[in-house]
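Colleague: Structure provided below as structure tokens; questions to follow.
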Amino acid sequence: MYPMEKNGFRIESPKKTYPLALLVLIPLVLTINILPLMVSFSIDQDRSNYAPGHFQTLAARLVGDWIKTAFLVASQISFVGLCNSSMITAECTLPEVIGGVVDEWCVRAPPHLTQHPFTVWILDSHETGVRRLYILLVTAVLPPFVLTFSYGFVNLALTNRVL
């Protein structure tokens, strides 16, 4: 686990803060997840109708077609947040996970590779204290995977004629 103190975050009284956070978040998350399900079951009792995209159809039946577009926009905003949090997490944990491998390569690689200006630049720490190699991996490798999953939801919306 990556200690949060390295980023300047500190929880003043964790023995008090964590239980309080759990007491607030667990009922909130349960309500947010169960309430739409209960509403959908009250609108459509036929369980054979439930397939991907059926919540949007039920919501459109309840409040209007504009809600389908709102679902699509909300899912895309959610994926931007997911991409951002994944990149931040990867940037913080990547040095811990593969840092030893990179250091080992620097020791064993021939000097003409480790002393090359590009190698020196990419293995140097950025202003954030993180090697440029890790920043490059996080910003160039991770987003295409997240965006690929996001396009699956756009295709689902297109099949339901939201767009």
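Each chain in the structure tokens gets a letter, A, B, ..., in the order shown, and its residues are numbered from 1; ligands are numbered from 1 in order too.
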Excluding segment 25-37 of chain A and any residue of its chain fewer than 2 positions from it, enumerate the residues within 12 Å of it, using only C-alpha atoms, and give them as a ChimeraX atom specification.

Modeller: /A:17-23,39-45,47,50,54-56,58-59,62

Colleague: Quick one: distance from atom CA of Gln76 of chain A to atom CA of Met38 of chain A in Å, one decimal?

Modeller: 24.3 Å

Colleague: In Å, rounded to a single decimal, give me how far atom CA of Asn84 of chain A is from atom CA of Phe71 of chain A.

Modeller: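 We find that atom CA of Phe71 of chain A and atom CA of Asn84 of chain A lie 19.9 Å from each other.
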
Colleague: State, in Å with one decimal place, the distance from atom CA of Thr57 of chain A to atom CA of Leu72 of chain A.

Modeller: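 A separation of 12.3 Å between them.
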